[in-house]
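Asker: File query-v1.txt follows (compact mmCIF, C-alpha atoms):
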# COMPACT_ATOMS: atom_id res chain seq x y z
CA MET A 1 -114.96 -99.17 141.35
CA THR A 2 -116.97 -99.28 138.22
CA GLY A 3 -118.98 -96.96 136.00
CA SER A 4 -119.73 -95.92 132.46
CA ILE A 5 -118.76 -93.17 130.04
CA ALA A 6 -121.28 -91.85 127.53
CA LEU A 7 -120.23 -90.68 124.10
CA ARG A 8 -121.86 -89.53 120.89
CA THR A 9 -120.35 -90.47 117.56
CA LEU A 10 -120.82 -88.23 114.54
CA SER A 11 -120.00 -90.44 111.54
CA ALA A 12 -120.73 -93.90 110.17
CA MET A 13 -117.16 -94.87 111.01
CA GLU A 14 -115.06 -92.97 113.50
CA PHE A 15 -112.31 -93.62 116.05
CA VAL A 16 -112.86 -91.48 119.15
CA ASP A 17 -109.92 -90.87 121.50
CA ILE A 18 -111.31 -91.65 124.95
CA THR A 19 -107.96 -91.50 126.77
CA PRO A 20 -108.77 -88.30 128.71
CA GLN A 21 -112.06 -89.69 130.05
CA VAL A 22 -110.40 -92.97 131.06
CA GLN A 23 -107.53 -91.18 132.79
CA ASP A 24 -110.08 -89.01 134.65
CA VAL A 25 -111.80 -92.14 135.90
CA VAL A 26 -108.48 -93.53 137.12
CA THR A 27 -107.59 -90.24 138.81
CA ASP A 28 -111.01 -90.04 140.51
CA SER A 29 -110.66 -93.61 141.77
CA ALA A 30 -107.50 -92.67 143.71
CA VAL A 31 -106.14 -96.13 142.85
CA SER A 32 -102.37 -95.95 142.63
CA ASP A 33 -101.64 -99.40 141.22
CA GLY A 34 -103.89 -101.86 139.44
CA VAL A 35 -105.61 -102.40 136.12
CA CYS A 36 -108.32 -100.55 134.27
CA ILE A 37 -110.64 -102.67 132.12
CA ILE A 38 -112.66 -100.83 129.50
CA TYR A 39 -115.56 -102.75 128.03
CA ASN A 40 -117.68 -102.03 124.96
CA PRO A 41 -121.29 -103.32 125.25
CA HIS A 42 -122.17 -102.68 121.58
CA THR A 43 -122.00 -105.24 118.76
CA THR A 44 -121.09 -102.83 115.95
CA ALA A 45 -118.29 -101.01 117.77
CA GLY A 46 -114.98 -101.89 119.35
CA LEU A 47 -112.01 -100.66 121.37
CA THR A 48 -108.41 -100.43 120.24
CA ILE A 49 -105.16 -98.92 121.43
CA ASN A 50 -103.02 -97.40 118.68
CA GLU A 51 -101.15 -94.26 117.66
CA GLY A 52 -102.88 -90.97 118.46
CA ALA A 53 -100.15 -88.47 117.53
CA ASP A 54 -100.95 -88.50 113.81
CA PRO A 55 -104.70 -88.68 113.10
CA ALA A 56 -103.84 -90.20 109.72
CA VAL A 57 -103.13 -93.51 111.50
CA CYS A 58 -106.77 -93.96 112.58
CA SER A 59 -107.94 -92.81 109.19
CA ASP A 60 -105.74 -95.49 107.60
CA LEU A 61 -107.01 -98.16 110.01
CA MET A 62 -110.59 -97.33 109.05
CA GLY A 63 -109.64 -97.38 105.37
CA VAL A 64 -108.06 -100.82 105.62
CA PHE A 65 -111.06 -102.18 107.54
CA ARG A 66 -113.32 -100.98 104.71
CA GLN A 67 -110.93 -102.49 102.17
CA ILE A 68 -110.60 -105.98 103.67
CA ILE A 69 -114.20 -106.60 104.80
CA PRO A 70 -116.28 -107.23 101.67
CA ARG A 71 -119.29 -104.94 101.11
CA ASN A 72 -120.95 -107.16 98.51
CA TYR A 73 -120.70 -110.54 100.20
CA PRO A 74 -124.07 -112.40 100.25
CA TYR A 75 -124.74 -111.44 103.89
CA ARG A 76 -127.74 -113.12 105.51
CA HIS A 77 -128.20 -110.59 108.33
CA GLN A 78 -130.86 -108.27 106.93
CA GLU A 79 -129.88 -105.08 108.76
CA GLY A 80 -127.07 -104.52 106.25
CA ASN A 81 -124.42 -103.90 108.91
CA SER A 82 -122.64 -107.26 108.90
CA PRO A 83 -119.31 -105.58 107.97
CA SER A 84 -119.66 -103.54 111.19
CA HIS A 85 -120.22 -106.71 113.24
CA MET A 86 -117.13 -108.24 111.63
CA MET A 87 -115.01 -105.22 112.48
CA ALA A 88 -116.27 -105.49 116.08
CA THR A 89 -115.08 -109.10 116.30
CA LEU A 90 -111.72 -108.27 114.70
CA THR A 91 -111.12 -105.40 117.12
CA GLY A 92 -112.34 -107.03 120.32
CA SER A 93 -114.77 -106.09 123.08
CA SER A 94 -112.42 -104.81 125.78
CA VAL A 95 -108.98 -103.40 126.48
CA THR A 96 -107.01 -103.73 129.69
CA VAL A 97 -104.49 -101.06 130.68
CA LEU A 98 -102.12 -101.19 133.65
CA ILE A 99 -102.17 -98.41 136.25
CA SER A 100 -99.00 -97.28 138.00
CA SER A 101 -98.76 -94.30 140.39
CA GLY A 102 -102.29 -93.31 139.41
CA SER A 103 -101.54 -93.13 135.67
CA LEU A 104 -102.52 -95.31 132.74
CA GLN A 105 -99.35 -97.08 131.60
CA LEU A 106 -99.72 -96.32 127.90
CA GLY A 107 -96.77 -96.28 125.53
CA THR A 108 -95.47 -92.94 124.23
CA TRP A 109 -97.66 -92.92 121.13
CA GLN A 110 -100.59 -94.92 122.43
CA ARG A 111 -104.12 -93.61 122.89
CA ILE A 112 -107.30 -95.56 123.67
CA PHE A 113 -109.91 -95.37 120.91
CA PHE A 114 -113.60 -96.18 120.82
CA CYS A 115 -114.19 -97.58 117.33
CA GLU A 116 -117.56 -96.66 115.85
CA TYR A 117 -118.44 -98.97 112.96
CA ASP A 118 -122.16 -98.21 112.54
CA GLY A 119 -122.76 -94.61 113.56
CA PRO A 120 -123.62 -91.98 114.19
CA ARG A 121 -125.06 -93.17 117.50
CA SER A 122 -125.21 -92.54 121.22
CA ARG A 123 -122.85 -95.04 122.79
CA LYS A 124 -121.46 -95.88 126.20
CA ILE A 125 -118.56 -97.85 127.51
CA LEU A 126 -118.19 -99.55 130.85
CA TRP A 127 -115.07 -99.48 133.01
CA LYS A 128 -113.82 -101.22 136.09
CA ILE A 129 -110.68 -100.60 138.09
CA LEU A 130 -109.10 -103.47 140.01
CA PRO A 131 -106.45 -102.40 142.53
CA GLY A 132 -103.41 -104.66 142.79
CA MET B 1 -96.59 -107.14 141.28
CA THR B 2 -95.63 -105.50 138.06
CA GLY B 3 -92.62 -105.04 135.83
CA SER B 4 -91.32 -105.10 132.28
CA ILE B 5 -89.43 -107.44 129.98
CA ALA B 6 -87.02 -106.03 127.41
CA LEU B 7 -86.52 -107.70 124.05
CA ARG B 8 -84.73 -107.00 120.82
CA THR B 9 -86.28 -108.03 117.52
CA LEU B 10 -84.11 -108.88 114.54
CA SER B 11 -86.44 -108.65 111.52
CA ALA B 12 -89.06 -106.36 110.02
CA MET B 13 -91.67 -108.92 111.00
CA GLU B 14 -91.08 -111.57 113.63
CA PHE B 15 -93.01 -113.50 116.27
CA VAL B 16 -90.89 -113.92 119.41
CA ASP B 17 -91.84 -116.66 121.89
CA ILE B 18 -91.82 -114.90 125.28
CA THR B 19 -93.38 -117.77 127.24
CA PRO B 20 -90.20 -118.57 129.23
CA GLN B 21 -89.77 -114.97 130.37
CA VAL B 22 -93.43 -114.71 131.36
CA GLN B 23 -93.32 -118.01 133.27
CA ASP B 24 -90.17 -116.78 135.08
CA VAL B 25 -92.02 -113.67 136.18
CA VAL B 26 -94.88 -115.78 137.49
CA THR B 27 -92.48 -118.09 139.31
CA ASP B 28 -90.60 -115.18 140.86
CA SER B 29 -93.86 -113.62 142.05
CA ALA B 30 -94.62 -116.72 144.15
CA VAL B 31 -98.29 -116.22 143.26
CA SER B 32 -100.02 -119.59 143.20
CA ASP B 33 -103.39 -118.56 141.72
CA GLY B 34 -104.38 -115.48 139.79
CA VAL B 35 -103.99 -113.90 136.39
CA CYS B 36 -101.03 -112.56 134.48
CA ILE B 37 -101.71 -109.62 132.17
CA ILE B 38 -99.10 -108.92 129.50
CA TYR B 39 -99.31 -105.51 127.87
CA ASN B 40 -97.63 -104.20 124.72
CA PRO B 41 -96.96 -100.43 124.83
CA HIS B 42 -95.96 -100.18 121.16
CA THR B 43 -98.24 -99.18 118.26
CA THR B 44 -96.62 -101.32 115.56
CA ALA B 45 -96.43 -104.55 117.55
CA GLY B 46 -98.86 -106.90 119.25
CA LEU B 47 -99.27 -109.98 121.42
CA THR B 48 -100.87 -113.26 120.46
CA ILE B 49 -101.19 -116.77 121.82
CA ASN B 50 -100.93 -119.51 119.22
CA GLU B 51 -99.14 -122.75 118.37
CA GLY B 52 -95.45 -122.87 119.17
CA ALA B 53 -94.64 -126.53 118.43
CA ASP B 54 -94.27 -126.01 114.66
CA PRO B 55 -92.54 -122.71 113.80
CA ALA B 56 -94.28 -122.87 110.41
CA VAL B 57 -97.51 -121.74 112.12
CA CYS B 58 -96.08 -118.32 113.05
CA SER B 59 -94.49 -118.04 109.64
CA ASP B 60 -97.92 -118.70 108.06
CA LEU B 61 -99.60 -116.15 110.36
CA MET B 62 -97.09 -113.49 109.25
CA GLY B 63 -97.60 -114.48 105.62
CA VAL B 64 -101.38 -114.11 105.85
CA PHE B 65 -101.05 -110.75 107.60
CA ARG B 66 -98.88 -109.52 104.71
CA GLN B 67 -101.38 -110.97 102.24
CA ILE B 68 -104.57 -109.45 103.65
CA ILE B 69 -103.30 -105.97 104.62
CA PRO B 70 -102.80 -103.99 101.40
CA ARG B 71 -99.32 -102.54 100.78
CA ASN B 72 -100.41 -100.15 98.04
CA TYR B 73 -103.47 -98.61 99.64
CA PRO B 74 -103.39 -94.76 99.50
CA TYR B 75 -102.23 -94.47 103.12
CA ARG B 76 -102.18 -90.95 104.57
CA HIS B 77 -99.76 -91.67 107.45
CA GLN B 78 -96.42 -90.61 105.99
CA GLU B 79 -94.16 -92.95 107.94
CA GLY B 80 -95.08 -95.79 105.58
CA ASN B 81 -95.87 -98.25 108.36
CA SER B 82 -99.67 -98.12 108.34
CA PRO B 83 -99.89 -101.87 107.60
CA SER B 84 -97.93 -102.43 110.85
CA HIS B 85 -100.41 -100.27 112.80
CA MET B 86 -103.27 -102.25 111.27
CA MET B 87 -101.71 -105.56 112.29
CA ALA B 88 -101.33 -104.15 115.84
CA THR B 89 -105.05 -103.36 116.01
CA LEU B 90 -106.01 -106.76 114.59
CA THR B 91 -103.81 -108.59 117.10
CA GLY B 92 -104.62 -106.55 120.20
CA SER B 93 -102.61 -104.81 122.87
CA SER B 94 -102.66 -107.34 125.70
CA VAL B 95 -103.15 -110.97 126.59
CA THR B 96 -104.44 -112.35 129.87
CA VAL B 97 -103.39 -115.81 131.06
CA LEU B 98 -104.70 -117.65 134.11
CA ILE B 99 -102.26 -118.85 136.76
CA SER B 100 -102.86 -122.07 138.69
CA SER B 101 -100.41 -123.65 141.16
CA GLY B 102 -97.79 -121.14 140.06
CA SER B 103 -98.00 -122.07 136.36
CA LEU B 104 -99.40 -120.28 133.34
CA GLN B 105 -102.53 -122.20 132.28
CA LEU B 106 -101.66 -122.45 128.60
CA GLY B 107 -103.10 -125.15 126.35
CA THR B 108 -100.86 -128.00 125.20
CA TRP B 109 -99.74 -126.26 122.00
CA GLN B 110 -100.01 -122.67 123.13
CA ARG B 111 -97.13 -120.24 123.47
CA ILE B 112 -97.21 -116.48 124.06
CA PHE B 113 -95.73 -114.46 121.19
CA PHE B 114 -94.60 -110.87 120.92
CA CYS B 115 -95.51 -109.84 117.37
CA GLU B 116 -93.04 -107.44 115.77
CA TYR B 117 -94.60 -105.69 112.78
CA ASP B 118 -92.08 -102.86 112.23
CA GLY B 119 -88.66 -104.09 113.31
CA PRO B 120 -85.96 -104.61 113.97
CA ARG B 121 -86.26 -102.61 117.18
CA SER B 122 -85.65 -102.61 120.91
CA ARG B 123 -88.99 -103.31 122.51
CA LYS B 124 -90.41 -103.92 125.95
CA ILE B 125 -93.58 -105.40 127.33
CA LEU B 126 -95.23 -104.71 130.66
CA TRP B 127 -96.75 -107.32 132.94
CA LYS B 128 -98.88 -107.37 136.04
CA ILE B 129 -99.91 -110.29 138.19
CA LEU B 130 -103.18 -110.13 140.09
CA PRO B 131 -103.59 -112.83 142.75
CA GLY B 132 -107.06 -114.33 143.10
CA MET C 1 -112.64 -119.09 141.84
CA THR C 2 -111.69 -120.88 138.70
CA GLY C 3 -112.79 -123.84 136.60
CA SER C 4 -113.47 -125.11 133.13
CA ILE C 5 -116.44 -125.70 130.85
CA ALA C 6 -116.42 -128.60 128.40
CA LEU C 7 -118.12 -128.38 125.05
CA ARG C 8 -118.41 -130.43 121.90
CA THR C 9 -118.51 -128.73 118.51
CA LEU C 10 -120.33 -130.35 115.61
CA SER C 11 -118.97 -128.62 112.50
CA ALA C 12 -115.68 -127.56 110.95
CA MET C 13 -116.58 -123.98 111.74
CA GLU C 14 -119.16 -123.03 114.33
CA PHE C 15 -119.87 -120.26 116.83
CA VAL C 16 -121.31 -121.72 120.05
CA ASP C 17 -123.21 -119.42 122.41
CA ILE C 18 -121.70 -120.13 125.84
CA THR C 19 -123.41 -117.25 127.66
CA PRO C 20 -125.69 -119.50 129.76
CA GLN C 21 -122.78 -121.61 131.02
CA VAL C 22 -120.74 -118.52 131.86
CA GLN C 23 -123.66 -116.87 133.69
CA ASP C 24 -124.16 -120.13 135.65
CA VAL C 25 -120.54 -120.03 136.75
CA VAL C 26 -120.95 -116.42 137.89
CA THR C 27 -124.15 -117.26 139.75
CA ASP C 28 -122.56 -120.27 141.45
CA SER C 29 -119.58 -118.16 142.55
CA ALA C 30 -121.90 -115.85 144.53
CA VAL C 31 -119.62 -112.97 143.49
CA SER C 32 -121.66 -109.80 143.27
CA ASP C 33 -119.11 -107.46 141.67
CA GLY C 34 -115.94 -108.24 139.78
CA VAL C 35 -114.75 -109.54 136.45
CA CYS C 36 -115.08 -112.87 134.70
CA ILE C 37 -112.19 -113.87 132.43
CA ILE C 38 -112.89 -116.61 129.91
CA TYR C 39 -109.82 -118.20 128.35
CA ASN C 40 -109.54 -120.48 125.32
CA PRO C 41 -106.61 -122.94 125.55
CA HIS C 42 -106.88 -124.12 121.92
CA THR C 43 -104.87 -122.79 118.96
CA THR C 44 -107.52 -123.26 116.28
CA ALA C 45 -110.42 -121.71 118.19
CA GLY C 46 -111.24 -118.35 119.74
CA LEU C 47 -113.71 -116.35 121.79
CA THR C 48 -115.75 -113.37 120.68
CA ILE C 49 -118.64 -111.28 121.93
CA ASN C 50 -121.13 -110.25 119.27
CA GLU C 51 -124.82 -110.23 118.42
CA GLY C 52 -126.78 -113.33 119.37
CA ALA C 53 -130.36 -112.24 118.58
CA ASP C 54 -130.08 -113.02 114.86
CA PRO C 55 -128.09 -116.22 114.15
CA ALA C 56 -127.33 -114.79 110.69
CA VAL C 57 -124.76 -112.48 112.29
CA CYS C 58 -122.51 -115.37 113.36
CA SER C 59 -123.06 -117.05 110.02
CA ASP C 60 -121.91 -113.85 108.30
CA LEU C 61 -118.86 -113.56 110.58
CA MET C 62 -117.83 -117.09 109.64
CA GLY C 63 -118.42 -116.33 105.97
CA VAL C 64 -116.22 -113.24 106.04
CA PHE C 65 -113.46 -115.12 107.89
CA ARG C 66 -113.50 -117.75 105.13
CA GLN C 67 -113.50 -114.99 102.51
CA ILE C 68 -110.59 -112.94 103.84
CA ILE C 69 -108.20 -115.70 104.95
CA PRO C 70 -106.74 -117.28 101.80
CA ARG C 71 -107.23 -121.03 101.36
CA ASN C 72 -104.61 -121.43 98.67
CA TYR C 73 -101.74 -119.48 100.17
CA PRO C 74 -98.45 -121.49 100.11
CA TYR C 75 -98.78 -122.44 103.78
CA ARG C 76 -95.76 -124.17 105.32
CA HIS C 77 -97.61 -125.76 108.29
CA GLN C 78 -98.33 -129.27 107.02
CA GLU C 79 -101.51 -129.96 108.99
CA GLY C 80 -103.51 -127.87 106.53
CA ASN C 81 -105.24 -125.81 109.20
CA SER C 82 -103.23 -122.59 109.01
CA PRO C 83 -106.37 -120.57 108.17
CA SER C 84 -107.82 -121.81 111.49
CA HIS C 85 -104.72 -120.66 113.37
CA MET C 86 -105.00 -117.26 111.68
CA MET C 87 -108.65 -116.91 112.68
CA ALA C 88 -107.63 -117.76 116.27
CA THR C 89 -105.08 -114.93 116.31
CA LEU C 90 -107.54 -112.47 114.74
CA THR C 91 -110.23 -113.33 117.31
CA GLY C 92 -108.06 -113.49 120.43
CA SER C 93 -107.57 -115.97 123.23
CA SER C 94 -109.72 -114.51 125.99
CA VAL C 95 -112.63 -112.22 126.76
CA THR C 96 -113.19 -110.25 129.95
CA VAL C 97 -116.71 -109.38 131.09
CA LEU C 98 -117.65 -107.18 134.04
CA ILE C 99 -119.93 -108.55 136.77
CA SER C 100 -122.41 -106.33 138.58
CA SER C 101 -125.00 -107.53 141.12
CA GLY C 102 -124.14 -111.10 140.18
CA SER C 103 -124.82 -110.65 136.47
CA LEU C 104 -122.58 -110.48 133.42
CA GLN C 105 -122.69 -106.88 132.19
CA LEU C 106 -123.32 -107.68 128.53
CA GLY C 107 -124.93 -105.22 126.15
CA THR C 108 -128.53 -105.77 125.03
CA TRP C 109 -127.58 -107.78 121.92
CA GLN C 110 -124.33 -109.28 123.13
CA ARG C 111 -123.67 -112.97 123.66
CA ILE C 112 -120.37 -114.75 124.34
CA PHE C 113 -119.35 -117.17 121.59
CA PHE C 114 -116.81 -119.97 121.47
CA CYS C 115 -115.45 -119.87 117.92
CA GLU C 116 -114.63 -123.29 116.48
CA TYR C 117 -112.31 -122.98 113.48
CA ASP C 118 -111.14 -126.59 113.11
CA GLY C 119 -113.91 -128.88 114.31
CA PRO C 120 -115.73 -130.92 115.06
CA ARG C 121 -113.83 -131.50 118.32
CA SER C 122 -114.14 -131.84 122.06
CA ARG C 123 -113.08 -128.50 123.51
CA LYS C 124 -112.90 -126.81 126.87
CA ILE C 125 -112.60 -123.26 128.07
CA LEU C 126 -111.18 -121.99 131.34
CA TRP C 127 -112.70 -119.27 133.48
CA LYS C 128 -111.68 -117.24 136.49
CA ILE C 129 -113.69 -114.78 138.51
CA LEU C 130 -111.92 -111.93 140.27
CA PRO C 131 -114.05 -110.10 142.84
CA GLY C 132 -113.60 -106.35 143.03
As structure tokens, how would this structure be written, given the file I've shared?

Answerer:
Amino acid sequence: MTGSIALRTLSAMEFVDITPQVQDVVTDSAVSDGVCIIYNPHTTAGLTINEGADPAVCSDLMGVFRQIIPRNYPYRHQEGNSPSHMMATLTGSSVTVLISSGSLQLGTWQRIFFCEYDGPRSRKILWKILPG
Amino acid sequence: MTGSIALRTLSAMEFVDITPQVQDVVTDSAVSDGVCIIYNPHTTAGLTINEGADPAVCSDLMGVFRQIIPRNYPYRHQEGNSPSHMMATLTGSSVTVLISSGSLQLGTWQRIFFCEYDGPRSRKILWKILPG
Amino acid sequence: MTGSIALRTLSAMEFVDITPQVQDVVTDSAVSDGVCIIYNPHTTAGLTINEGADPAVCSDLMGVFRQIIPRNYPYRHQEGNSPSHMMATLTGSSVTVLISSGSLQLGTWQRIFFCEYDGPRSRKILWKILPG
């Protein structure tokens, strides 16, 4: 079971909560127990799992990313988005979530976020569910 | 095969070597070949694999995290633990280790660490073993 | 299906594109659909997926790593390579790539890189393919 989820980001930097779409995919799969792998095929975006209850958390994460990755470093990549590539590497290209009784086994405060670092853009993520 | 491991952290920031508990789970599963996924359901904690032979390595990792994540940034999240959330995103929410002949395929110096960024607290991690 | 890939790095810090070797492993496995997990057993190296079309991207990633991880912090680990251990934790110990119709499902610009942070050295990475 595999597929993709399309999304459209609206800002240069934005964390999009994709938990509902991922849970829908798990529900549709009818897999009771296993793992769900979510994969980001873009090089200026990432995936992270963090607190979703207070939107200020994601806003702070984006603020710190901007703070710690230098803007004025003598970057050689001419597209001007090297900080976005660095954020992608720091965040990672996939997340793996366990499935139990047909539900994503997220912690109480956890949500799955698509991390846009070079938007706005049309993006997609890939997913695969492995029963087990 | 899935389950959880409870742990109690004792400091605000602490890397706990959970390799023995994870190896026990693998041994108990009687799975000879496959993968073990360890998942952290908390938003101010993480999981990393790094050197365990010299405890100074983990102490240095914690020191650098404190150094690079600003304390005095104008954080909007009012709980005051935004640096801990940032460390969680930088570390990642899960680790995947290969299993061969019933053993975790760690490198010579590698150990699996639970990374407490907002302790002390009672924590738990989830695990799943996929044969294959 | 599991195995290892040997490689030799030539610099203190170097990102090596291992995509061809990983695709060969997938092809040889004859697995049409599943996931490929690549695991790094070293504590001063990592794995990342990022842009491979312009080599300046990896050069910029290495530059930013050097910039943000302090060199002159009062590190306690006496081997002098604590920045390398920190880069390993920030990058992560494994990557997971989906396989469809016998091919790695990488994005248009994505390549898989072994990240050497304490070379030059002889290194190896482990892989496992899970059909599904």

Asker: Using all atoms listed in the file, what does the table of chain C residues within 10 Å of chain A look like, with each row giving the shortest atom pair and its distance in Å to one decimal, sorted by chain and ascending number, as a Markdown table?

Answerer:
| residue | atom | partner | partner_atom | distance |
| --- | --- | --- | --- | --- |
| C:Asp33 | CA | A:Thr2 | CA | 9.1 |
| C:Gly34 | CA | A:Lys128 | CA | 8.2 |
| C:Val35 | CA | A:Lys128 | CA | 8.4 |
| C:Leu47 | CA | A:Thr89 | CA | 9.2 |
| C:Thr48 | CA | A:Thr89 | CA | 6.2 |
| C:Ile49 | CA | A:Ser93 | CA | 6.6 |
| C:Asn50 | CA | A:Thr43 | CA | 5.1 |
| C:Glu51 | CA | A:Thr43 | CA | 5.7 |
| C:Gly52 | CA | A:Thr43 | CA | 9.4 |
| C:Asp54 | CA | A:His77 | CA | 7.2 |
| C:Pro55 | CA | A:His77 | CA | 8.1 |
| C:Ala56 | CA | A:His77 | CA | 4.9 |
| C:Val57 | CA | A:His77 | CA | 5.6 |
| C:Cys58 | CA | A:His85 | CA | 9.0 |
| C:Ser59 | CA | A:Arg76 | CA | 7.6 |
| C:Asp60 | CA | A:Tyr75 | CA | 5.8 |
| C:Leu61 | CA | A:Met86 | CA | 5.7 |
| C:Met62 | CA | A:Met86 | CA | 9.1 |
| C:Gly63 | CA | A:Tyr75 | CA | 8.3 |
| C:Val64 | CA | A:Ile69 | CA | 7.1 |
| C:Phe65 | CA | A:Met86 | CA | 8.6 |
| C:Gln67 | CA | A:Pro70 | CA | 8.3 |
| C:Ile68 | CA | A:Ile68 | CA | 7.0 |
| C:Met87 | CA | A:Leu90 | CA | 9.4 |
| C:Thr89 | CA | A:Leu90 | CA | 9.5 |
| C:Leu90 | CA | A:Leu90 | CA | 5.9 |
| C:Thr91 | CA | A:Leu90 | CA | 5.9 |
| C:Gly92 | CA | A:Gly92 | CA | 7.7 |
| C:Ser94 | CA | A:Gly92 | CA | 9.7 |
| C:Val95 | CA | A:Ser93 | CA | 7.5 |
| C:Thr96 | CA | A:Ser94 | CA | 6.9 |
| C:Val97 | CA | A:Tyr39 | CA | 7.4 |
| C:Leu98 | CA | A:Lys128 | CA | 7.4 |
| C:Ile99 | CA | A:Lys128 | CA | 9.6 |
| C:Ser100 | CA | A:Thr2 | CA | 8.9 |
| C:Gln105 | CA | A:Pro41 | CA | 7.9 |
| C:Leu106 | CA | A:Pro41 | CA | 5.8 |
| C:Gly107 | CA | A:Pro41 | CA | 4.2 |
| C:Thr108 | CA | A:Pro41 | CA | 7.6 |
| C:Trp109 | CA | A:Thr43 | CA | 6.9 |
| C:Gln110 | CA | A:Thr43 | CA | 6.4 |
| C:Arg111 | CA | A:Thr43 | CA | 9.3 |
| C:Leu130 | CA | A:Leu130 | CA | 8.9 |
| C:Pro131 | CA | A:Leu130 | CA | 8.7 |
| C:Gly132 | CA | A:Leu130 | CA | 6.1 |

Asker: Give me, please, the distance in Å between atom CA of Thr19 of chain A and atom CA of Phe15 of chain B, quoted to one decimal.

Answerer: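 Interatomic distance here is 28.6 Å.
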
Asker: Excluding Val16 of chain C and any residue of its chain fewer than 2 positions from it, enumerate the residues within 10 Å of it, using all atoms listed in the file, and give them as a CSV table (one decimal) with C-alpha atoms, keeping the file's coordinate frame.

Answerer:
chain,number,residue,atom,x,y,z
C,7,LEU,CA,-118.1,-128.4,125.0
C,8,ARG,CA,-118.4,-130.4,121.9
C,9,THR,CA,-118.5,-128.7,118.5
C,10,LEU,CA,-120.3,-130.4,115.6
C,13,MET,CA,-116.6,-124.0,111.7
C,14,GLU,CA,-119.2,-123.0,114.3
C,18,ILE,CA,-121.7,-120.1,125.8
C,19,THR,CA,-123.4,-117.2,127.7
C,47,LEU,CA,-113.7,-116.4,121.8
C,58,CYS,CA,-122.5,-115.4,113.4
C,111,ARG,CA,-123.7,-113.0,123.7
C,112,ILE,CA,-120.4,-114.8,124.3
C,113,PHE,CA,-119.4,-117.2,121.6
C,114,PHE,CA,-116.8,-120.0,121.5
C,115,CYS,CA,-115.4,-119.9,117.9
C,116,GLU,CA,-114.6,-123.3,116.5

Asker: Return the padded bounding box of segment 18-29 of chain C as AutoDock Vina command-line options: axis-aligned, built from all atoms listed in the file, 8 Å added on each side, with centre and edge lengths in Å to one decimal.

Answerer:
--center_x -122.6 --center_y -119.0 --center_z 134.2 --size_x 22.1 --size_y 21.2 --size_z 32.7

Asker: Between atom CA of Asp118 of chain C and atom CA of Ala12 of chain C, measure the distance and give it in Å to one decimal.

Answerer: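 If I compute the distance from atom CA of Asp118 of chain C to atom CA of Ala12 of chain C, I get 5.1 Å.
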
Asker: Please rebuild segment 11-20 of chain C with N, CA, C and O atoms and return the result as a compact mmCIF listing (two decimals), keeping the file's coordinate frame.

Answerer:
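Writing the result to selection_39.txt gives the following:
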# COMPACT_ATOMS: atom_id res chain seq x y z
N SER C 11 -119.28 -128.97 113.88
CA SER C 11 -118.97 -128.62 112.50
C SER C 11 -117.52 -128.17 112.40
O SER C 11 -116.87 -127.91 113.41
N ALA C 12 -117.03 -128.06 111.18
CA ALA C 12 -115.68 -127.56 110.95
C ALA C 12 -115.55 -126.14 111.49
O ALA C 12 -114.53 -125.77 112.08
N MET C 13 -116.60 -125.37 111.29
CA MET C 13 -116.58 -123.98 111.74
C MET C 13 -117.94 -123.70 112.36
O MET C 13 -118.98 -123.97 111.76
N GLU C 14 -117.91 -123.15 113.58
CA GLU C 14 -119.16 -123.03 114.33
C GLU C 14 -118.96 -122.06 115.48
O GLU C 14 -117.95 -122.11 116.17
N PHE C 15 -119.90 -121.16 115.68
CA PHE C 15 -119.87 -120.26 116.83
C PHE C 15 -120.90 -120.77 117.84
O PHE C 15 -122.09 -120.81 117.53
N VAL C 16 -120.44 -121.15 119.02
CA VAL C 16 -121.31 -121.72 120.05
C VAL C 16 -121.57 -120.67 121.13
O VAL C 16 -120.63 -120.16 121.74
N ASP C 17 -122.83 -120.38 121.37
CA ASP C 17 -123.21 -119.42 122.41
C ASP C 17 -122.99 -120.06 123.78
O ASP C 17 -123.70 -121.00 124.16
N ILE C 18 -122.01 -119.57 124.52
CA ILE C 18 -121.70 -120.13 125.84
C ILE C 18 -122.15 -119.20 126.97
O ILE C 18 -121.79 -119.41 128.13
N THR C 19 -122.97 -118.21 126.63
CA THR C 19 -123.41 -117.25 127.66
C THR C 19 -124.10 -117.93 128.83
O THR C 19 -123.81 -117.60 130.00
N PRO C 20 -125.01 -118.90 128.59
CA PRO C 20 -125.69 -119.50 129.76
C PRO C 20 -124.72 -120.20 130.71
O PRO C 20 -124.83 -120.04 131.94
